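What follows is one structure encoded as C-alpha cells, with my remarks underneath.
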Amino acid sequence: MTTDTNAAGGASTEGTLLVFICLCHLPPLSKSNPKYFSSFSTVDEKLYSRQLYVMGHEAQRRMMSSRAVILGLSGLGVEIAKNIILAGISSVTLCDPVKPSSYDLGGNFYLSEGDLGADRGRAELVRDKLAELNEYVKVEVGNVSSMTDATGILNLVQGASVVVVTVPLPTSLLCEINDKCRASGACFINTLVNGVFGTVFCDFGESFEVTDKDGENPATSQVENILTSNPATVKVLEDQGRHGLETGDRVIFSKVRGLDGMLGDATVSYEVKVTGPYTFELVGIDCSKCSEPATQGYITQVKTPTTLSFKSYKEALANPGELMMSDFAKFDRPPLLHLGYKALSSYAESRGMEYPNPGNADEANAVLALAKSMDSDEIINPPETERIILHLAAGSRSIISPMCATLGGIVGQEVLKACSGKFTPIPGFLYFDADECLPDSPLPADDVSPSGSRYDSNIAIFGKDAQQKLLDLNYFLIGAGAIGCEMLKNWALMGVACGENGKIHITDMDRIEKSNLSRQFLFRNSDINEFKSTTAAKAAKSMNSDMNIVPYQEKVSAETEGIFGDDFYDKLSGVCTALDNVEARLYVDQRCLFYHLPMLESGTLGTKGNTQVVIPHVTENYGATRDPPEKSINFPNMIQHTLQWARDWFEGEFKQSAEDVNSYLSNPDYAATLAGQQNTKAETVMSIRKTLVDERPVSFEDCVVWARLQFEKLFNNQIRQLLFNFPEDQVTSTGTKFWSGSKRCPKPLTFNVEDKCEDAQMKNHFDFIVAAANLRAHMFGIKGRTDEAWFVECLKNVIVPDFTPQDGVKIASSEAEAKEENNSQSNGDMGESEIDDILAGLPKPGELAGFKLNPIEFDKDLDDHMLFVTACSNLRALNYSIPTEDTHRSRAIAGRIIPAIATTTALVTGLICLELYKIIGTSRKPLKLDAYKNGFVNLAIPFMTLSEPTAPAKTTAVVKGKEWNWTAWDCIDMNVGDITLADFISYFEKEYNLDISMISHGVSILFSFFANKKKVEERKKMKMSEVVQSITKKEFPPNQLFITFEIIANDLDSDEEVELPYVRFRFR
C-alpha cells in the first residue's frame, strides 16, 4: 500500500477524567460518486449517540448511503453482518445458499440445532433475525445457485460499496470477484476463521481517499509566546503537554493576543516546521515587523485527506509485502501463516473446497506437505513451525465464537471504513492466531470427531474433556451492557455454564435505553425500559437453552456483600467484568484477590480497546497500577474546565439546594442534624433561607428574573470583582505578569439577548436564561415555557442592580490557595447564635405542610439539562476567551460519554474468551506467564498488539529462617475453626516462629502489646469472631465465612519485624 498525503496527522492525548471526543468533519457527499450518494437520510442521534462520537455525522451519512455484500453466513459472516447492521449502513445483501452444519453452531448465534437438516441456506435462515437489529437497514438475500456460481455472485457486486468474502472459495473465483470490485469501484475484503487461526485481506482499489486517517482529535495546544521573528517562532505552554505536531503539518490559530492581530483570521492555516516538543516555526511567515509578541492563543492542527493505493488479491497472494503484526512476540508468524493458508487453500481446491477432517493425521500432513512444497523462502523450520501448520489444518473446519468475534470486529470496522472513508484500512494481509490455547499436537480422532453436537467446533480443536470443563463453569458477569451482551453471546456458543454443574450470575442495575440498541445487540425496541440483566439473560438462553443463568439488578459493592458474599464467591470459577467505571473495577479486583479468582477485564473507547487477563499468583492484579490523580483547575483555559464548572454549578443550584430544603422540611430536629456539619453549617442554612425565603418564586416570571440576575452575578459582577483584585496589568512578586501563561485575563459580559458566539454559533445569553428559568420553575413545581418572543418582552422589565467591586473580597490566586481555602473552610465570621437566628427565622415545616422541592439530577441525555450546561459553560468560556462548543460536543465532555461502537466491543470480548480457553486448560499443560495475552487495539489506524501480562510484585519476608517471596495474591490462610485470641497468638508462635505485637481488623485494633493488660487477658479467652463483634458492635452476616486480620509480628529468634500479608481467617 502506498500513501499520498499533504500532511501527517498528529495524535492528541486523553485525560483520565475528561474524555476528549473526536468530531472531525469529513468532506461532503459527492453526487458524482454513486457509492456515497443515494439519499440524505436524517441521522437518528438517539440511536447512534455513542457511535457518532466515534464516526461523526458525515461519516454516518456516508454509511447510510452504502451497500455491503457478504458472501458466506457461517459464524464469521453473521458476526460481520451484525456489526455493520448495528452501525447503520444503508443495506446488506447476504449470500449463502449452503445448508448449515453442526460446525456452524460454534460461531453462528442465529442458527440452532433445529436448523440442521433444513432445506434452506444459511443466509435465508439468519436474514430475519439480522433485520431485527436495525429498522433503518435493508437486509436482503442474494439469489445465487451455489457459492461457486460466478455469474450470480459477480452480478451482486454491481452497485455495492464493499464485498466481503467469509467462506473458502476457489482462488480463481476470488480473483474474479476482486477484479469486478476494482472495475466497479467497490472495496474487496476476504477473511476466514479456521479454529484459532484467522486471516483478513483488504483491497480498497488503486486510489482510495481516507478523510481522517486515525480518528484522533486534531492536535491542540496553547500559545505561551510567538516571537517577533522571521520566521515566526511559536512556543506552547509546557504544562498543557507537547504540541504533538510533525514537520509539514498545518495549523490554525484562534484567540491570539498580540502580533498586531497578524494571526487573527482563524480560517487561515500555516505550515509547521517542528524545532522541539514545545516549539515550532511557521514556514514563510515573517513577524519581525510586529510591535509586540503574542502571549496567548489556541493552536489547532488541520487534518488533510490521504489517498491510499492497494494491491489486488492476485498480486498480494504472490507478493504480500509487509504483513500487519498482531503479536510482536511472534514476529515470524505472519509469513508462516501466509504460507499455511496458501497450502490449505490448495488442499481444499483439490477436494471440492473441503477442509481436512478433525483428527485425521494423514489429511493434516497432506497440507503440511503442500506448504513445504511452496516454501521457497524456507520458512518452515521444524518442529514448532510444523506444529502450527498441522494445527491450522487439523482445526480448519472449526468455527468458534471467540475467533468469529475477534475477526468480525476487525473486519466489521474495515467495512465501515470502505463505506465512510474514515480511518485507515488494513494494508493488505493480516494474520491472527491464538495457538497458546492449543495442545502441543493435534488431538486424536476419538477425542475430536463430530457427533452432530452444537459444540462440534469446540471439540474439534480442544477435545471433549475441555468442552465438559466449559459446561461446568460457574462465572460472575458484572455488567449487561455492550460488553456484557457480546460476552453472553460468546459463552452461549462456547457452552459456558450450559452443563448440570454450571451457572452464570449476571448483574446490572440499569434499564435499557434507545441509545443502547446500536451496540448492545441482545436488546430490541420492545425491550426499552426493561432491566438489562434480565433481558440479556433471556436472549442468551434463546441462543442456547441449556445455559444456566441467574440475573440480578444489584450493584456490586460493599453494600451488597449480603448478596455477593463469601458463600457466593466460594462457588465461583471466575469473574468477568463488563463495567464502565474504574471504582467498580477496583472493588471487584479486591474481591478476586481475596478469593483467588481469575478476572477477565476489558474496556473500549471508540475504536480503541483493551483486555487484561488476571490469573491468581501468575499475573499482577487489575489495581496494581493506577492512573495519576487529576490536577485541579483554578483559572479555566480549556472548554473542559468550563464544562466541569457548569456541571458543578448545576448540581449545587438545582439539586443540592433543593435537597437541603427538603431535609429541613422533613426533619423535626434539623438543628441536631446540622451539628455534624460544623464546617458547612452557615453555608447550608444560608442556602436554605435563600431558596425557601429570599429568592422563592411564586410565578414563572420570578424564575426569569432570577435567571437574569444569576447571569449578571456569574458572568459580569464576579469577573469585575476578580479584575478589581487582580487588574490586567497585575505583576507577581517575581516580576512576571499575573495574567500570563495558562491564566487568561477574563472580561465581563454585557447581557444581549441576540448575542451569538462565533465558534459554536449559539445564542448563549438567551439559552442560559431560558434553560435556567425552566429548571428553576421545575424545581419549585411551576409550569415553564420556552417561546422566545415572550422571554424578550419579560426580560425588558427586569431591573438589574448596579454593581461596584469591593475591597477585602478574598479570591484564591493559585491552585494551592484554593486548596488551602477549601481545607480550612468554616463558618467564617458567623457565630452559632447567628446561625440559630437564621434557623429560627425560617418558616416552620408545619407551616409548609405538603410543600416539597424537586431536586434535579443532571442527566446528559435530557436536552434542557444540556442546554443549560452548554450555555453556562460557553458564557464562562467567553469570559476567558476560550473557544466555545456546541451542545453535541458539550454533551460528550460534560456527560463523560464514552464513545462506543459495536466493532470494538465484539473484538475485545473475542480476545477475552480466548483467554478463558487458556484458564480452563485447553492447552493440556501448565501455562507460563508468556502464554497469556493482554491486548490493546486501535481499529482506526489499524493497530493491534498482544503482550504478556506483568508478573505480580514480590515482597520478601524471612519466616523460620527461610525466605518467602509473597505477592498481593498471597495471604495466610487459617482454617482451624473459630479459635480464641490466645490460640491465635499461639498458632503463629508454633507455625511461623513469630511473636505478634498487634492484630487489627479494618480500623479496629483487637490486640496490641501496649493495650490495657486486664482487657487483653479478657479478650484472649474470647473466640476471634467474638473479639471482632465486641469491638465493632456489628453482627456478622449469615453468609460471611471469613474475617481478615492484619498483624504486626517479630521473629522470635532475631526480633526483626517480619512483613506479612493479611490473614484470611475462616470462622465458619
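Ligands are numbered from 1 in the order shown, residues from 1 within each chain, and chains are lettered A, B, ... in the order they appear in the C-alpha cells.
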
ask   = Which residues come within 7 Å of stretch 849-860 of chain A, counting only C-alpha atoms, excluding same-chain residues fewer than 2 positions away, as a ChimeraX atom specification?
value = /A:651,654-655,658-659,662,778-780,845-847,862,865-866,891,895

Could the residues in this selection be written to a file with all heavy atoms, as a compact mmCIF listing (two decimals), in the first residue's frame?
```
# COMPACT_ATOMS: atom_id res chain seq x y z
N GLU A 651 -25.38 21.18 39.70
CA GLU A 651 -25.61 20.28 40.84
C GLU A 651 -25.89 21.07 42.10
O GLU A 651 -26.78 20.73 42.89
CB GLU A 651 -24.39 19.37 41.05
CG GLU A 651 -24.11 18.41 39.90
CD GLU A 651 -25.02 17.21 39.90
OE1 GLU A 651 -25.73 16.99 40.90
OE2 GLU A 651 -25.02 16.47 38.89
N PHE A 654 -29.48 23.38 41.45
CA PHE A 654 -30.75 22.71 41.15
C PHE A 654 -30.93 21.38 41.89
O PHE A 654 -32.03 20.83 41.87
CB PHE A 654 -30.87 22.48 39.64
CG PHE A 654 -30.81 23.74 38.83
CD1 PHE A 654 -29.85 23.93 37.85
CD2 PHE A 654 -31.70 24.78 39.06
CE1 PHE A 654 -29.78 25.10 37.11
CE2 PHE A 654 -31.64 25.96 38.33
CZ PHE A 654 -30.67 26.12 37.35
N LYS A 655 -29.88 20.88 42.50
CA LYS A 655 -30.01 19.61 43.21
C LYS A 655 -29.73 19.78 44.70
O LYS A 655 -30.59 19.51 45.54
CB LYS A 655 -29.04 18.58 42.61
CG LYS A 655 -29.07 17.21 43.30
CD LYS A 655 -28.17 16.22 42.54
CE LYS A 655 -28.14 14.86 43.21
NZ LYS A 655 -27.30 14.82 44.41
N ALA A 658 -32.09 22.16 46.69
CA ALA A 658 -33.43 21.57 46.88
C ALA A 658 -33.38 20.46 47.92
O ALA A 658 -34.29 20.33 48.75
CB ALA A 658 -33.95 21.03 45.55
N GLU A 659 -32.33 19.66 47.91
CA GLU A 659 -32.20 18.58 48.90
C GLU A 659 -32.04 19.14 50.30
O GLU A 659 -32.58 18.58 51.27
CB GLU A 659 -31.02 17.68 48.53
CG GLU A 659 -31.29 16.82 47.30
CD GLU A 659 -30.09 15.96 46.92
OE1 GLU A 659 -28.97 16.24 47.42
OE2 GLU A 659 -30.26 15.02 46.13
N ASN A 662 -35.51 20.24 51.42
CA ASN A 662 -36.35 19.08 51.74
C ASN A 662 -35.92 18.41 53.04
O ASN A 662 -36.75 17.92 53.81
CB ASN A 662 -36.30 18.07 50.59
CG ASN A 662 -37.03 18.55 49.36
OD1 ASN A 662 -37.82 19.49 49.43
ND2 ASN A 662 -36.79 17.90 48.23
N HIS A 778 -39.16 24.15 37.39
CA HIS A 778 -39.40 22.72 37.66
C HIS A 778 -39.07 22.38 39.11
O HIS A 778 -39.79 21.61 39.75
CB HIS A 778 -38.56 21.87 36.71
CG HIS A 778 -38.70 20.39 36.96
ND1 HIS A 778 -39.83 19.69 36.60
CD2 HIS A 778 -37.86 19.50 37.56
CE1 HIS A 778 -39.67 18.41 36.96
NE2 HIS A 778 -38.49 18.28 37.55
N MET A 779 -38.02 22.96 39.62
CA MET A 779 -37.61 22.69 41.00
C MET A 779 -38.70 23.11 41.98
O MET A 779 -38.93 22.46 43.00
CB MET A 779 -36.30 23.45 41.29
CG MET A 779 -35.57 23.00 42.54
SD MET A 779 -33.93 23.74 42.64
CE MET A 779 -34.26 25.23 43.56
N PHE A 780 -39.42 24.18 41.66
CA PHE A 780 -40.47 24.68 42.55
C PHE A 780 -41.88 24.26 42.12
O PHE A 780 -42.86 24.72 42.69
CB PHE A 780 -40.40 26.22 42.62
CG PHE A 780 -39.30 26.73 43.52
CD1 PHE A 780 -38.03 26.97 43.02
CD2 PHE A 780 -39.53 26.94 44.87
CE1 PHE A 780 -37.01 27.44 43.83
CE2 PHE A 780 -38.51 27.40 45.70
CZ PHE A 780 -37.25 27.65 45.18
N PRO A 845 -41.63 23.95 59.37
CA PRO A 845 -42.10 22.90 58.46
C PRO A 845 -43.60 22.69 58.50
O PRO A 845 -44.22 22.42 57.46
CB PRO A 845 -41.34 21.65 58.97
CG PRO A 845 -40.10 22.20 59.58
CD PRO A 845 -40.49 23.50 60.20
N GLY A 846 -44.21 22.86 59.68
CA GLY A 846 -45.65 22.68 59.78
C GLY A 846 -46.42 23.72 59.00
O GLY A 846 -47.55 23.47 58.54
N GLU A 847 -45.82 24.92 58.82
CA GLU A 847 -46.49 25.97 58.06
C GLU A 847 -46.48 25.67 56.55
O GLU A 847 -47.22 26.29 55.79
CB GLU A 847 -45.78 27.31 58.31
CG GLU A 847 -45.81 27.75 59.77
CD GLU A 847 -44.93 28.98 60.00
OE1 GLU A 847 -44.46 29.56 58.99
OE2 GLU A 847 -44.70 29.33 61.17
N LEU A 862 -30.90 14.50 28.72
CA LEU A 862 -32.05 15.42 28.71
C LEU A 862 -31.61 16.74 28.08
O LEU A 862 -30.69 17.40 28.56
CB LEU A 862 -32.57 15.64 30.12
CG LEU A 862 -33.20 14.41 30.80
CD1 LEU A 862 -33.67 14.75 32.20
CD2 LEU A 862 -34.37 13.88 29.96
N HIS A 865 -31.37 19.98 30.23
CA HIS A 865 -30.20 19.98 31.10
C HIS A 865 -28.96 20.39 30.32
O HIS A 865 -28.15 21.20 30.78
CB HIS A 865 -29.98 18.60 31.72
CG HIS A 865 -31.03 18.19 32.70
ND1 HIS A 865 -30.86 17.17 33.60
CD2 HIS A 865 -32.28 18.67 32.94
CE1 HIS A 865 -31.94 17.03 34.34
NE2 HIS A 865 -32.83 17.93 33.94
N MET A 866 -28.81 19.80 29.13
CA MET A 866 -27.62 20.10 28.33
C MET A 866 -27.65 21.51 27.76
O MET A 866 -26.60 22.12 27.58
CB MET A 866 -27.49 19.09 27.19
CG MET A 866 -26.80 17.78 27.59
SD MET A 866 -25.27 17.99 28.54
CE MET A 866 -24.32 19.10 27.51
N ARG A 891 -22.14 17.76 25.33
CA ARG A 891 -22.77 16.60 25.95
C ARG A 891 -21.74 15.49 26.19
O ARG A 891 -21.75 14.83 27.22
CB ARG A 891 -23.89 16.08 25.04
CG ARG A 891 -24.78 15.02 25.71
CD ARG A 891 -25.73 14.36 24.70
NE ARG A 891 -26.52 15.30 23.95
CZ ARG A 891 -27.70 15.78 24.33
NH1 ARG A 891 -28.21 15.41 25.49
NH2 ARG A 891 -28.36 16.64 23.58
N GLY A 895 -21.06 15.09 29.99
CA GLY A 895 -21.70 13.84 30.37
C GLY A 895 -20.71 12.70 30.50
O GLY A 895 -21.10 11.58 30.80
```

task = Might you pull out every residue within 6 Å of stretch 937-944 of chain A, with only C-alpha atoms counted and same-chain residues fewer than 3 positions away left off, and present them as a ChimeraX atom specification?
result = /A:214,326,423-424,607-609

Pairwise distance for atom CA of A:Val164 and atom CA of A:Thr904, rounded to one decimal in Å = 18.5 Å

message = I'd like the contact shell of stretch 123-137 of chain A - 7 Å cut-off, only C-alpha atoms, skipping same-chain residues fewer than 2 positions apart - returned as a list in words.
response = Leu73, Lys82, Ile85, Leu86, Gly88, Ile89, Ser90, Ser91, Leu94, Cys95, Asp96, Pro97, Tyr110, Leu111, Arg120, Gly121, Val139, Glu140, Val141 and Phe521 of chain A

request  = Do a neighbour search on A:Glu414 at 12 Å with only C-alpha atoms, toss out local chain neighbours closer than 5 positions, and write the hits as an MDAnalysis selection string.
outcome  = chainID A and resid 68 80 83:84 161:164 187:191 200:204 407:409 419:428 430 607 903:904 939:942

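Atom to atom, atom CA of A:Thr534 and atom CA of A:Ser573 stand 21.9 Å apart.
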
inquiry  = Can you tell me, as a PyMOL selection string, which residues in stretch 565-734 of chain A count as strand (DSSP E or B) by DSSP?
reply    = chain A and resi 574-577+599-605+608-614+731

Point-to-point distance in Å for atom CA of A:Leu1006 and atom CA of A:Leu586 = 27.3 Å

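With distances restricted to only C-alpha atoms, A:Thr93 is the closest residue to A:Val144 from A:Asn634, A:Gln721, A:Asn774, A:Thr93.
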
task = Determine which residues of stretch 809-949 of chain A DSSP labels as helix (DSSP H, G or I) from the backbone of this structure, then write them out as a PyMOL selection string.
result = chain A and resi 815-823+832-841+845-848+863-879+887-894+902-920+929-931
